[in-house]
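Notes to accompany the following structure.
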Amino acid sequence: MKPSIVILDDWEHGLARLVDWSDIENRSRLTIHHDRLRDEQLLAAVAQAQCIVLMRDRTPFPKSLIAQLPNLKRIIFTGTRNNTLDQQAAETVGITVTATEFGPSKASTCELAWSLILASAKKLPDLLVSPQQPLWRTPAICQHLPEVLEGKRLGLIGLGHIGKRMAAVARAFGMQVQAWSPHMTPERAREEQASSVSLETLLSTSDVVSLHIVVSDATRKLLNSDTLALMQPGSLLVNTSRSSLIDTPALVKALQQGRPGFAALDVFDDEPGINPELQALPNTLLTPHMGFVSEQVYRKFSINVQQQLIQWLDENV
């Protein structure tokens, strides 16, 4: 019998579209899922699989799920890190786990973060003219005109690969840059022409705060009711990193109270899906986790997955 290969969470149909699957389809029972599966639906989809492909960490793969998959021999996940896969549990029971190359995801995420900042500062949703919104000047624009970023202060929480790109763009716009992370030093900040400040100072003095840091015990729910209250009334909060860096219920209340004044978010607690209370707020700009999603990144994912599957079939079938 041909081996079963299951690809999960190809929401954008990118993996399905960007390579020719005919050889793999001829040699296996290949199923590509484009919708999120959970609980019984997920278990039914992967129960007989010998190989599973995960789209980054969209579907959690804990030890309890792995224990229910006796046929599973191989897991491939896209990207270089998967925070919801228990890789040790998989390898303990003899499952081989490999990743793909990543592609220009850091550039893509930086570009989206700046798209959110510019769209928010320039009131882009209120400026768009369409049959649905034909007004030359909307009431919202007349009440608050677009802002100029030059001379304003960008606060970066995290100054790694993406944070450094963010700082470079901010300097091009004539913004001041300050940064904080658990391991930030004045020397590291100076390399990016930024100031190293405390988290409290960053939040209370930045016009724009953008998150570019990994989730850890030290950073989980870093922005909560206490820290959000430090932000300026007119400030903008941007998150293209991970939703668990922010306490979402606390953010809803903070936005209702005007600290921060606006939030532009690309990541959410239960994806695909957005907290309905966030969606109902007028001072938000929300995108469906598109930071790493680009044609170039998905092409790299697709080619790498195809190559690994062909190699696995060559060695095992």
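Letters A, B, ... mark the chains of the structure tokens in the order given; residue numbers begin at 1 per chain; ligand numbers begin at 1, in order shown.
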
Can I get the residues of region 185-263 of chain A within 12 Å of region 282-300 of chain A, each with the closest pair of atoms and their distance in Å to one decimal, using only C-alpha atoms, sorted chain first then ascending number, as CSV?
```
residue,atom,partner,partner_atom,distance
A:His212,CA,A:Gly291,CA,11.5
A:Pro233,CA,A:Asn283,CA,11.8
A:Gly234,CA,A:Asn283,CA,10.7
A:Ser235,CA,A:Asn283,CA,11.1
A:Leu236,CA,A:Thr284,CA,9.5
A:Leu237,CA,A:Thr284,CA,9.4
A:Val238,CA,A:Leu285,CA,9.3
A:Asn239,CA,A:Gly291,CA,9.9
A:Thr240,CA,A:Gly291,CA,6.3
A:Ser241,CA,A:Gly291,CA,8.2
A:Arg242,CA,A:His289,CA,9.5
A:Ser243,CA,A:His289,CA,10.1
A:Leu251,CA,A:Thr284,CA,10.9
A:Val252,CA,A:Thr284,CA,10.0
A:Lys253,CA,A:Asn283,CA,11.9
A:Ala254,CA,A:Asn283,CA,11.0
A:Leu255,CA,A:Asn283,CA,7.2
A:Gln256,CA,A:Asn283,CA,8.5
A:Gln257,CA,A:Asn283,CA,10.8
A:Gly258,CA,A:Asn283,CA,8.8
A:Arg259,CA,A:Asn283,CA,10.7
A:Pro260,CA,A:Asn283,CA,9.3
A:Gly261,CA,A:Asn283,CA,6.9
A:Phe262,CA,A:Asn283,CA,4.9
A:Ala263,CA,A:Thr284,CA,4.9
```

Output C-alpha atoms for every residue in the selection just made, as a JSON list (two decimals), in the first residue's frame.
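Result file follows (again-v5.json):
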```json
[["chain", "number", "residue", "atom", "x", "y", "z"],
["A", 212, "HIS", "CA", 10.09, 41.82, 17.63],
["A", 233, "PRO", "CA", -2.66, 58.14, 24.98],
["A", 234, "GLY", "CA", -1.84, 58.82, 21.32],
["A", 235, "SER", "CA", 0.66, 56.01, 20.85],
["A", 236, "LEU", "CA", 0.53, 53.11, 18.40],
["A", 237, "LEU", "CA", 1.21, 49.48, 19.39],
["A", 238, "VAL", "CA", 2.29, 47.10, 16.61],
["A", 239, "ASN", "CA", 2.63, 43.33, 16.99],
["A", 240, "THR", "CA", 3.86, 41.16, 14.12],
["A", 241, "SER", "CA", 5.67, 38.72, 16.41],
["A", 242, "ARG", "CA", 3.54, 36.50, 18.68],
["A", 243, "SER", "CA", 0.19, 37.18, 20.32],
["A", 251, "LEU", "CA", -5.21, 45.09, 25.58],
["A", 252, "VAL", "CA", -8.93, 45.34, 24.82],
["A", 253, "LYS", "CA", -9.49, 47.28, 28.03],
["A", 254, "ALA", "CA", -6.41, 49.42, 27.44],
["A", 255, "LEU", "CA", -7.58, 50.38, 23.94],
["A", 256, "GLN", "CA", -11.02, 51.20, 25.29],
["A", 257, "GLN", "CA", -9.31, 53.52, 27.76],
["A", 258, "GLY", "CA", -7.04, 55.04, 25.09],
["A", 259, "ARG", "CA", -3.66, 53.75, 26.28],
["A", 260, "PRO", "CA", -2.41, 52.97, 23.67],
["A", 261, "GLY", "CA", -4.46, 55.06, 21.33],
["A", 262, "PHE", "CA", -4.28, 52.54, 18.50],
["A", 263, "ALA", "CA", -3.15, 48.96, 17.89]]
```

Close residues, Ala250 (chain A) itself excluded, 6 Å, only C-alpha atoms, min 3 positions apart in chain, as a list of chain:residue names
A:Asn224, A:Ser225, A:Asp247, A:Lys253

Determine which residues of region 3-200 of chain A DSSP labels as strand (DSSP E or B) from the backbone of this structure, then write them out as a ChimeraX atom specification.
/A:4-7,29-32,51-54,61,74-77,85,96-99,153-157,176-180,195-196

Which neighbours of Ile66 (chain A) fall inside 9 Å, counting only C-alpha atoms, when residues of the same chain fewer than 5 positions from it are skipped, and could you give them as a PDB file with N, CA, C and O atoms, in the first residue's frame?
```
ATOM      1  N   PHE A  61       1.437  20.201  17.953  1.00  0.00           N
ATOM      2  CA  PHE A  61       1.673  18.768  17.938  1.00  0.00           C
ATOM      3  C   PHE A  61       2.328  18.367  19.257  1.00  0.00           C
ATOM      4  O   PHE A  61       3.534  18.140  19.329  1.00  0.00           O
ATOM      5  N   LEU A  72       3.220   6.989  12.338  1.00  0.00           N
ATOM      6  CA  LEU A  72       3.969   8.164  11.927  1.00  0.00           C
ATOM      7  C   LEU A  72       5.477   7.918  12.000  1.00  0.00           C
ATOM      8  O   LEU A  72       6.005   7.492  13.024  1.00  0.00           O
ATOM      9  N   ASP A  86       6.262  19.091  19.928  1.00  0.00           N
ATOM     10  CA  ASP A  86       7.110  18.447  20.939  1.00  0.00           C
ATOM     11  C   ASP A  86       8.087  17.537  20.200  1.00  0.00           C
ATOM     12  O   ASP A  86       7.848  16.344  20.045  1.00  0.00           O
ATOM     13  N   ALA A  89       9.477  14.480  22.131  1.00  0.00           N
ATOM     14  CA  ALA A  89       8.534  13.361  22.223  1.00  0.00           C
ATOM     15  C   ALA A  89       8.490  12.584  20.917  1.00  0.00           C
ATOM     16  O   ALA A  89       8.419  11.349  20.920  1.00  0.00           O
ATOM     17  N   ALA A  90       8.528  13.300  19.799  1.00  0.00           N
ATOM     18  CA  ALA A  90       8.504  12.632  18.492  1.00  0.00           C
ATOM     19  C   ALA A  90       9.755  11.788  18.288  1.00  0.00           C
ATOM     20  O   ALA A  90       9.681  10.611  17.898  1.00  0.00           O
ATOM     21  N   VAL A  93      10.095   8.397  20.176  1.00  0.00           N
ATOM     22  CA  VAL A  93       9.389   7.226  19.648  1.00  0.00           C
ATOM     23  C   VAL A  93       9.837   6.895  18.217  1.00  0.00           C
ATOM     24  O   VAL A  93       9.155   6.165  17.500  1.00  0.00           O
TER      25      VAL A  93
END
```

Excluding region 18-25 of chain A and any residue of its chain fewer than 4 positions from it, enumerate the residues within 9 Å of it, using only C-alpha atoms, and give them as a tab-separated table (two decimals) with N, CA, C and O atoms, in the first residue's frame.
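The file below, result31.tsv, is the result:
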```tsv
chain	number	residue	atom	x	y	z
A	13	HIS	N	-3.02	28.08	0.07
A	13	HIS	CA	-2.87	27.19	-1.10
A	13	HIS	C	-1.51	27.39	-1.75
A	13	HIS	O	-1.34	27.09	-2.94
A	14	GLY	N	-0.54	27.90	-1.00
A	14	GLY	CA	0.78	28.16	-1.54
A	14	GLY	C	1.56	26.89	-1.84
A	14	GLY	O	2.13	26.75	-2.93
A	29	ARG	N	-0.21	8.39	-1.05
A	29	ARG	CA	-1.56	8.94	-0.88
A	29	ARG	C	-1.38	10.32	-0.23
A	29	ARG	O	-1.25	10.42	0.99
A	30	LEU	N	-1.37	11.35	-1.05
A	30	LEU	CA	-1.10	12.72	-0.59
A	30	LEU	C	-2.40	13.47	-0.36
A	30	LEU	O	-3.26	13.51	-1.23
A	31	THR	N	-2.51	14.08	0.82
A	31	THR	CA	-3.67	14.91	1.15
A	31	THR	C	-3.16	16.25	1.65
A	31	THR	O	-2.32	16.31	2.56
A	295	GLU	N	5.27	35.30	-1.50
A	295	GLU	CA	5.48	34.37	-2.60
A	295	GLU	C	6.87	33.73	-2.50
A	295	GLU	O	7.03	32.53	-2.71
A	298	TYR	N	7.06	31.19	0.50
A	298	TYR	CA	6.31	29.97	0.23
A	298	TYR	C	6.94	29.14	-0.89
A	298	TYR	O	6.84	27.91	-0.88
A	299	ARG	N	7.57	29.80	-1.83
A	299	ARG	CA	8.26	29.03	-2.86
A	299	ARG	C	9.40	28.23	-2.24
A	299	ARG	O	9.62	27.06	-2.58
A	302	SER	N	7.88	25.33	-0.33
A	302	SER	CA	7.33	24.30	-1.22
A	302	SER	C	8.43	23.45	-1.83
A	302	SER	O	8.34	22.21	-1.86
A	303	ILE	N	9.47	24.09	-2.33
A	303	ILE	CA	10.57	23.36	-2.95
A	303	ILE	C	11.26	22.47	-1.92
A	303	ILE	O	11.56	21.29	-2.21
A	306	GLN	N	8.97	19.49	-1.03
A	306	GLN	CA	8.97	18.54	-2.15
A	306	GLN	C	10.26	17.72	-2.18
A	306	GLN	O	10.22	16.49	-2.32
A	309	LEU	N	10.29	15.21	0.73
A	309	LEU	CA	9.34	14.10	0.55
A	309	LEU	C	9.85	13.11	-0.50
A	309	LEU	O	9.72	11.88	-0.31
A	310	ILE	N	10.41	13.62	-1.59
A	310	ILE	CA	10.95	12.71	-2.61
A	310	ILE	C	12.09	11.88	-2.04
A	310	ILE	O	12.17	10.65	-2.28
A	313	LEU	N	10.59	9.21	0.23
A	313	LEU	CA	9.98	8.14	-0.56
A	313	LEU	C	11.05	7.26	-1.20
A	313	LEU	O	10.92	6.03	-1.24
```

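Here the question is which of A:Leu281, A:Cys142, A:Met184, A:Trp312 gets nearest to Leu127 (chain A) using only C-alpha atoms, and that residue is A:Cys142.
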
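If only C-alpha atoms are the atoms counted, then among A:Asp314, A:Glu111, A:Glu271, A:Glu101 the closest residue to Leu37 (chain A) is A:Glu271.
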
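For the pair CA of Arg220 (chain A) and CA of His183 (chain A), the separation is 15.3 Å.
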
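The two atoms in question, CA of Asn71 (chain A) and CA of Pro3 (chain A), are spaced 9.8 Å apart.
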
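Going from CA of Leu69 (chain A) to CA of Trp11 (chain A) covers 23.5 Å.
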
Selection: 10 Å around region 214-217 of chain A, only C-alpha atoms, excl. self and same-chain fewer than 5 positions, as a PyMOL selection string:
chain A and resi 83+157-158+160+181+222+241-245

Pick from A:Asp39, A:Leu199, A:Arg58, A:Glu91 nearest to Phe268 (chain A), counting only C-alpha atoms
A:Arg58

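Comparing the minimum interatomic distances between Val317 (chain A) and each of A:Ser64, A:Gln133, A:Ser4, A:Gln41, counting only C-alpha atoms, we find that A:Ser4 sits nearest.
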
One residue among A:Leu54, A:Ala107, A:Asn26, A:Leu265 is nearest to Gln279 (chain A) when using only C-alpha atoms, and that residue is A:Leu265

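The nearest approach to His34 (chain A) among the residues A:Ala49, A:Ser120, A:Arg56, A:Glu12, with only C-alpha atoms taken into account, belongs to A:Glu12.
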
Can you pull out the residues contacting Trp114 (chain A)? Cut-off 9 Å, using only C-alpha atoms, and skip same-chain residues under 4 positions away; I want them as a PDB file with N, CA, C and O atoms, in the first residue's frame.
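This is the output file around.pdb:
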```pdb
ATOM      1  N   THR A 109       8.378  40.275   7.175  1.00  0.00           N
ATOM      2  CA  THR A 109       7.760  40.708   8.416  1.00  0.00           C
ATOM      3  C   THR A 109       8.037  42.181   8.687  1.00  0.00           C
ATOM      4  O   THR A 109       7.148  42.927   9.115  1.00  0.00           O
ATOM      5  N   CYS A 110       9.265  42.607   8.437  1.00  0.00           N
ATOM      6  CA  CYS A 110       9.599  44.018   8.604  1.00  0.00           C
ATOM      7  C   CYS A 110       8.743  44.888   7.692  1.00  0.00           C
ATOM      8  O   CYS A 110       8.207  45.927   8.120  1.00  0.00           O
ATOM      9  N   LEU A 118       2.589  52.690   8.788  1.00  0.00           N
ATOM     10  CA  LEU A 118       2.244  53.748   7.846  1.00  0.00           C
ATOM     11  C   LEU A 118       0.735  53.839   7.629  1.00  0.00           C
ATOM     12  O   LEU A 118       0.167  54.937   7.577  1.00  0.00           O
ATOM     13  N   ALA A 119       0.085  52.689   7.507  1.00  0.00           N
ATOM     14  CA  ALA A 119      -1.363  52.702   7.311  1.00  0.00           C
ATOM     15  C   ALA A 119      -2.075  53.324   8.505  1.00  0.00           C
ATOM     16  O   ALA A 119      -3.068  54.048   8.347  1.00  0.00           O
ATOM     17  N   MET A 166      13.896  47.139  11.296  1.00  0.00           N
ATOM     18  CA  MET A 166      12.938  48.168  11.693  1.00  0.00           C
ATOM     19  C   MET A 166      13.650  49.469  12.027  1.00  0.00           C
ATOM     20  O   MET A 166      13.200  50.563  11.651  1.00  0.00           O
ATOM     21  N   VAL A 169      14.824  51.406   8.864  1.00  0.00           N
ATOM     22  CA  VAL A 169      13.737  52.109   8.185  1.00  0.00           C
ATOM     23  C   VAL A 169      13.344  53.356   8.974  1.00  0.00           C
ATOM     24  O   VAL A 169      13.106  54.427   8.404  1.00  0.00           O
TER      25      VAL A 169
END
```

Which residues, written as a PDB file with N, CA, C and O atoms, in the first residue's frame, have at least one atom at most 8 Å from Leu8 (chain A), with only C-alpha atoms counted and residues fewer than 4 positions away on the same chain left out?
```
ATOM      1  N   ILE A  32      -3.666  17.332   1.056  1.00  0.00           N
ATOM      2  CA  ILE A  32      -3.299  18.679   1.477  1.00  0.00           C
ATOM      3  C   ILE A  32      -4.538  19.352   2.053  1.00  0.00           C
ATOM      4  O   ILE A  32      -5.565  19.465   1.377  1.00  0.00           O
ATOM      5  N   HIS A  33      -4.456  19.768   3.297  1.00  0.00           N
ATOM      6  CA  HIS A  33      -5.583  20.425   3.964  1.00  0.00           C
ATOM      7  C   HIS A  33      -5.376  21.937   3.960  1.00  0.00           C
ATOM      8  O   HIS A  33      -4.308  22.431   4.336  1.00  0.00           O
ATOM      9  N   HIS A  34      -6.425  22.663   3.572  1.00  0.00           N
ATOM     10  CA  HIS A  34      -6.339  24.112   3.467  1.00  0.00           C
ATOM     11  C   HIS A  34      -7.085  24.825   4.589  1.00  0.00           C
ATOM     12  O   HIS A  34      -7.041  26.056   4.666  1.00  0.00           O
ATOM     13  N   ASP A  35      -7.759  24.082   5.443  1.00  0.00           N
ATOM     14  CA  ASP A  35      -8.472  24.663   6.580  1.00  0.00           C
ATOM     15  C   ASP A  35      -7.879  24.137   7.879  1.00  0.00           C
ATOM     16  O   ASP A  35      -7.278  23.063   7.910  1.00  0.00           O
ATOM     17  N   ARG A  36      -8.080  24.888   8.951  1.00  0.00           N
ATOM     18  CA  ARG A  36      -7.588  24.446  10.249  1.00  0.00           C
ATOM     19  C   ARG A  36      -8.379  23.233  10.737  1.00  0.00           C
ATOM     20  O   ARG A  36      -9.614  23.205  10.646  1.00  0.00           O
ATOM     21  N   ILE A  52       3.929  13.605   8.001  1.00  0.00           N
ATOM     22  CA  ILE A  52       3.090  14.789   8.183  1.00  0.00           C
ATOM     23  C   ILE A  52       3.938  16.028   7.930  1.00  0.00           C
ATOM     24  O   ILE A  52       5.069  16.129   8.407  1.00  0.00           O
ATOM     25  N   VAL A  53       3.374  16.970   7.181  1.00  0.00           N
ATOM     26  CA  VAL A  53       4.027  18.256   6.933  1.00  0.00           C
ATOM     27  C   VAL A  53       3.249  19.336   7.673  1.00  0.00           C
ATOM     28  O   VAL A  53       2.033  19.484   7.472  1.00  0.00           O
ATOM     29  N   LEU A  54       3.939  20.079   8.517  1.00  0.00           N
ATOM     30  CA  LEU A  54       3.325  21.144   9.311  1.00  0.00           C
ATOM     31  C   LEU A  54       3.706  22.502   8.731  1.00  0.00           C
ATOM     32  O   LEU A  54       4.873  22.759   8.453  1.00  0.00           O
ATOM     33  N   MET A  55       2.728  23.368   8.568  1.00  0.00           N
ATOM     34  CA  MET A  55       3.008  24.740   8.161  1.00  0.00           C
ATOM     35  C   MET A  55       3.351  25.544   9.411  1.00  0.00           C
ATOM     36  O   MET A  55       2.471  25.918  10.189  1.00  0.00           O
ATOM     37  N   THR A  59      -0.550  24.249  13.660  1.00  0.00           N
ATOM     38  CA  THR A  59      -1.229  23.160  14.379  1.00  0.00           C
ATOM     39  C   THR A  59      -0.320  22.644  15.477  1.00  0.00           C
ATOM     40  O   THR A  59       0.749  22.105  15.180  1.00  0.00           O
TER      41      THR A  59
END
```
